[in-house]
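Q: Have a look at this one.
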Amino acid sequence: MPPPVPPEERRKPSPAESREWTQRFFQGLGVGVPLPAHAELPAAYSALVRGILSSAAVSPAPPRVSCTLSVSPAAVNAYDTLHGGMVAAVAEAVGMACARAAAGDKEMFLGELSTAYLSAARLNSEVEVEAQILRKGRSVVVTTVEFRLKDTKKLCYLSRATFYIMPQPNTSREDSPAAAVMRMRGFVRRTRQCVRRRVMAESRERRGMPSWSWRRSSVEELRPHWSSSFGDLVAVGFIDLSSHSV
């Protein structure tokens, strides 16, 4: 029996050969081809996404958005299948529409997008896209987007998008100047009560008085025993106890 033939060792390409192969790869993808004039317009990206979507339907309860995606030559890669970037763009657009259907017309932005590429959608095929709410909170909405072939119902892509709702300015009456003054007065009143209780307790302990017996003391006598934080409030003018006694 003849001995086995040893495997042929692959020759490591030189740096010049590696650069040449890389350039040929990108040239085959059409990197050197100039873009058409309509692709330079500001709304070219949105028009490209809208151009492959049709038959959109919105269900309010529960929030659900479904549409049909037609795999056109403008949305495929070098292998004549739906481009991965187009899948992400459609998932963002349809997921945003579903999030707005659930949260209302609020300002929001995409925070996270993950896509699982399970199969491929061929050129000239139709794909059913459906988005639904996975979780909804006060400041975040999570949607899931499914891509299924229209004829076989086979799941091709599965995306999950997280949208964050921009905080809205509070214009209620609680932020009026009168409400702010009332809150400040309540803060001062509570601070006075806390300091009075603390000063009285320290004064009774220092004089050895029983807990049920105490005498009235002037503010000037108890002033050295104030806490530093309360003294700072008095110093800046938040609290005026010059005419009060404990």
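Residue numbering restarts at 1 for every chain of the structure tokens, chains are lettered A, B, ... in their displayed order, and ligands are numbered from 1 as they appear.
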Using DSSP on the backbone, list every residue of region 90-214 of chain A that comes out as strand (DSSP E), and give them as a ChimeraX atom specification.
A: /A:108-117,126-136,140-149,155-165
Q: Can you build me a table of region 142-189 of chain A residues sitting at most 10 Å from region 75-88 of chain A, with the closest atom pair per residue and its distance in Å to one decimal, using only C-alpha atoms, sorted by chain and residue number, as CSV?
A:
```
residue,atom,partner,partner_atom,distance
A:Phe147,CA,A:Val87,CA,8.7
A:Tyr157,CA,A:Val87,CA,7.8
A:Leu158,CA,A:Val87,CA,9.4
A:Ser159,CA,A:Ala88,CA,7.7
A:Arg160,CA,A:Ala88,CA,9.9
A:Ala161,CA,A:Ala88,CA,9.6
```
Q: Which of these, A:Glu112, A:Val195, A:Ile133, A:Ala43, has the shortest distance to Phe163 (chain A) once you count only C-alpha atoms?
A: A:Glu112
Q: Find the residue from A:Glu17, A:Gly28, A:Gln132, A:Asp105 that sits nearest to Pro60 (chain A); use only C-alpha atoms when measuring.
A: A:Gln132
Q: Give me the residues within 10 Å of Gly51 (chain A) as a list in words, counting only C-alpha atoms and dropping any in the same chain fewer than 2 places off.
A: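 The neighbour list is Tyr45, Ser46, Ala47, Leu48, Val49, Leu53, Ser54, Leu69, Ser70, Ser72, Ala74 and Ala75 of chain A.
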Q: May I have the residues from that selection written out with N, CA and C atoms, as a PDB file, in the first residue's frame?
A:
```pdb
ATOM      1  N   TYR A  45     -31.920  58.125   1.119  1.00  0.00           N
ATOM      2  CA  TYR A  45     -31.990  56.948   1.997  1.00  0.00           C
ATOM      3  C   TYR A  45     -33.438  56.594   2.321  1.00  0.00           C
ATOM      4  N   SER A  46     -34.223  57.591   2.726  1.00  0.00           N
ATOM      5  CA  SER A  46     -35.626  57.329   3.054  1.00  0.00           C
ATOM      6  C   SER A  46     -36.407  56.874   1.830  1.00  0.00           C
ATOM      7  N   ALA A  47     -36.108  57.465   0.677  1.00  0.00           N
ATOM      8  CA  ALA A  47     -36.806  57.065  -0.544  1.00  0.00           C
ATOM      9  C   ALA A  47     -36.472  55.631  -0.930  1.00  0.00           C
ATOM     10  N   LEU A  48     -35.235  55.218  -0.683  1.00  0.00           N
ATOM     11  CA  LEU A  48     -34.848  53.845  -1.005  1.00  0.00           C
ATOM     12  C   LEU A  48     -35.589  52.844  -0.124  1.00  0.00           C
ATOM     13  N   VAL A  49     -35.749  53.173   1.162  1.00  0.00           N
ATOM     14  CA  VAL A  49     -36.460  52.267   2.067  1.00  0.00           C
ATOM     15  C   VAL A  49     -37.943  52.236   1.733  1.00  0.00           C
ATOM     16  N   LEU A  53     -41.135  49.028   0.203  1.00  0.00           N
ATOM     17  CA  LEU A  53     -42.211  48.664   1.122  1.00  0.00           C
ATOM     18  C   LEU A  53     -43.556  49.042   0.527  1.00  0.00           C
ATOM     19  N   SER A  54     -44.555  48.218   0.781  1.00  0.00           N
ATOM     20  CA  SER A  54     -45.905  48.482   0.278  1.00  0.00           C
ATOM     21  C   SER A  54     -46.900  47.739   1.159  1.00  0.00           C
ATOM     22  N   LEU A  69     -42.434  43.635   1.670  1.00  0.00           N
ATOM     23  CA  LEU A  69     -41.146  44.090   1.145  1.00  0.00           C
ATOM     24  C   LEU A  69     -40.870  43.370  -0.165  1.00  0.00           C
ATOM     25  N   SER A  70     -40.622  44.129  -1.216  1.00  0.00           N
ATOM     26  CA  SER A  70     -40.276  43.563  -2.523  1.00  0.00           C
ATOM     27  C   SER A  70     -38.773  43.686  -2.728  1.00  0.00           C
ATOM     28  N   SER A  72     -35.984  44.272  -4.626  1.00  0.00           N
ATOM     29  CA  SER A  72     -35.670  44.858  -5.929  1.00  0.00           C
ATOM     30  C   SER A  72     -34.165  44.816  -6.174  1.00  0.00           C
ATOM     31  N   ALA A  74     -32.160  47.166  -6.459  1.00  0.00           N
ATOM     32  CA  ALA A  74     -31.463  48.194  -5.692  1.00  0.00           C
ATOM     33  C   ALA A  74     -31.217  47.785  -4.249  1.00  0.00           C
ATOM     34  N   ALA A  75     -31.821  46.678  -3.786  1.00  0.00           N
ATOM     35  CA  ALA A  75     -31.720  46.287  -2.382  1.00  0.00           C
ATOM     36  C   ALA A  75     -31.001  44.965  -2.186  1.00  0.00           C
TER      37      ALA A  75
END
```
Q: When you count only C-alpha atoms, which of these residues is closest to Leu149 (chain A): A:Val71, A:Ala44, A:Met184, A:Ala56?
A: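 The answer is A:Val71, which sits nearest to Leu149 (chain A).
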Q: Find the residues near Pro62 (chain A): any atom within 12 Å, counting only C-alpha atoms, skip ones fewer than 4 places away on the same chain, and give them as a list in words.
A: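 Skipping anything fewer than 4 positions along the chain leaves Val58, Cys98, Ala99, Ala101, Ala102, Ala103, Ala131, Gln132, Ile133, Leu134, Arg135 and Lys136 of chain A.
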Q: Store the residues picked out above in a file with N, CA, C and O atoms, as an mmCIF file, in the first residue's frame.
A:
```cif
data_model
loop_
_atom_site.group_PDB
_atom_site.id
_atom_site.type_symbol
_atom_site.label_atom_id
_atom_site.label_comp_id
_atom_site.auth_asym_id
_atom_site.auth_seq_id
_atom_site.Cartn_x
_atom_site.Cartn_y
_atom_site.Cartn_z
ATOM 1 N N VAL A 58 -51.725 48.926 10.011
ATOM 2 C CA VAL A 58 -51.451 49.220 11.416
ATOM 3 C C VAL A 58 -52.624 48.739 12.245
ATOM 4 O O VAL A 58 -53.779 49.072 11.954
ATOM 5 N N CYS A 98 -44.120 51.049 14.698
ATOM 6 C CA CYS A 98 -44.836 50.289 15.722
ATOM 7 C C CYS A 98 -44.687 50.941 17.091
ATOM 8 O O CYS A 98 -45.642 50.997 17.873
ATOM 9 N N ALA A 99 -43.497 51.460 17.394
ATOM 10 C CA ALA A 99 -43.284 52.128 18.681
ATOM 11 C C ALA A 99 -44.129 53.391 18.790
ATOM 12 O O ALA A 99 -44.685 53.693 19.853
ATOM 13 N N ALA A 101 -46.967 53.845 17.279
ATOM 14 C CA ALA A 101 -48.358 53.415 17.437
ATOM 15 C C ALA A 101 -48.675 53.074 18.885
ATOM 16 O O ALA A 101 -49.825 53.205 19.320
ATOM 17 N N ALA A 102 -47.659 52.653 19.645
ATOM 18 C CA ALA A 102 -47.882 52.293 21.046
ATOM 19 C C ALA A 102 -47.693 53.470 21.992
ATOM 20 O O ALA A 102 -48.443 53.624 22.957
ATOM 21 N N ALA A 103 -46.689 54.316 21.727
ATOM 22 C CA ALA A 103 -46.358 55.410 22.647
ATOM 23 C C ALA A 103 -46.906 56.751 22.209
ATOM 24 O O ALA A 103 -46.749 57.734 22.935
ATOM 25 N N ALA A 131 -44.046 43.926 12.695
ATOM 26 C CA ALA A 131 -43.448 44.448 13.926
ATOM 27 C C ALA A 131 -44.505 44.481 15.011
ATOM 28 O O ALA A 131 -45.663 44.837 14.756
ATOM 29 N N GLN A 132 -44.107 44.125 16.222
ATOM 30 C CA GLN A 132 -45.010 44.158 17.360
ATOM 31 C C GLN A 132 -44.239 44.556 18.610
ATOM 32 O O GLN A 132 -43.010 44.476 18.648
ATOM 33 N N ILE A 133 -44.996 44.974 19.615
ATOM 34 C CA ILE A 133 -44.389 45.468 20.845
ATOM 35 C C ILE A 133 -43.978 44.290 21.722
ATOM 36 O O ILE A 133 -44.772 43.391 21.990
ATOM 37 N N LEU A 134 -42.733 44.323 22.156
ATOM 38 C CA LEU A 134 -42.236 43.314 23.079
ATOM 39 C C LEU A 134 -42.309 43.793 24.523
ATOM 40 O O LEU A 134 -42.629 43.030 25.428
ATOM 41 N N ARG A 135 -42.013 45.073 24.734
ATOM 42 C CA ARG A 135 -42.099 45.662 26.070
ATOM 43 C C ARG A 135 -42.230 47.170 25.924
ATOM 44 O O ARG A 135 -41.586 47.774 25.070
ATOM 45 N N LYS A 136 -43.056 47.767 26.774
ATOM 46 C CA LYS A 136 -43.280 49.211 26.725
ATOM 47 C C LYS A 136 -43.226 49.773 28.137
ATOM 48 O O LYS A 136 -43.873 49.259 29.044
#
```
Q: Considering only C-alpha atoms, can you say which of A:Val145, A:Ala91, A:Ile52, A:Leu35 comes closest to Arg64 (chain A)?
A: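 Closest candidate: A:Val145.
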Q: Could you find all residues in region 1-210 of chain A that DSSP calls alpha helix (DSSP H) from the backbone, and write them as a PyMOL selection string?
A: chain A and resi 15-28+44-51+84-103+177-207
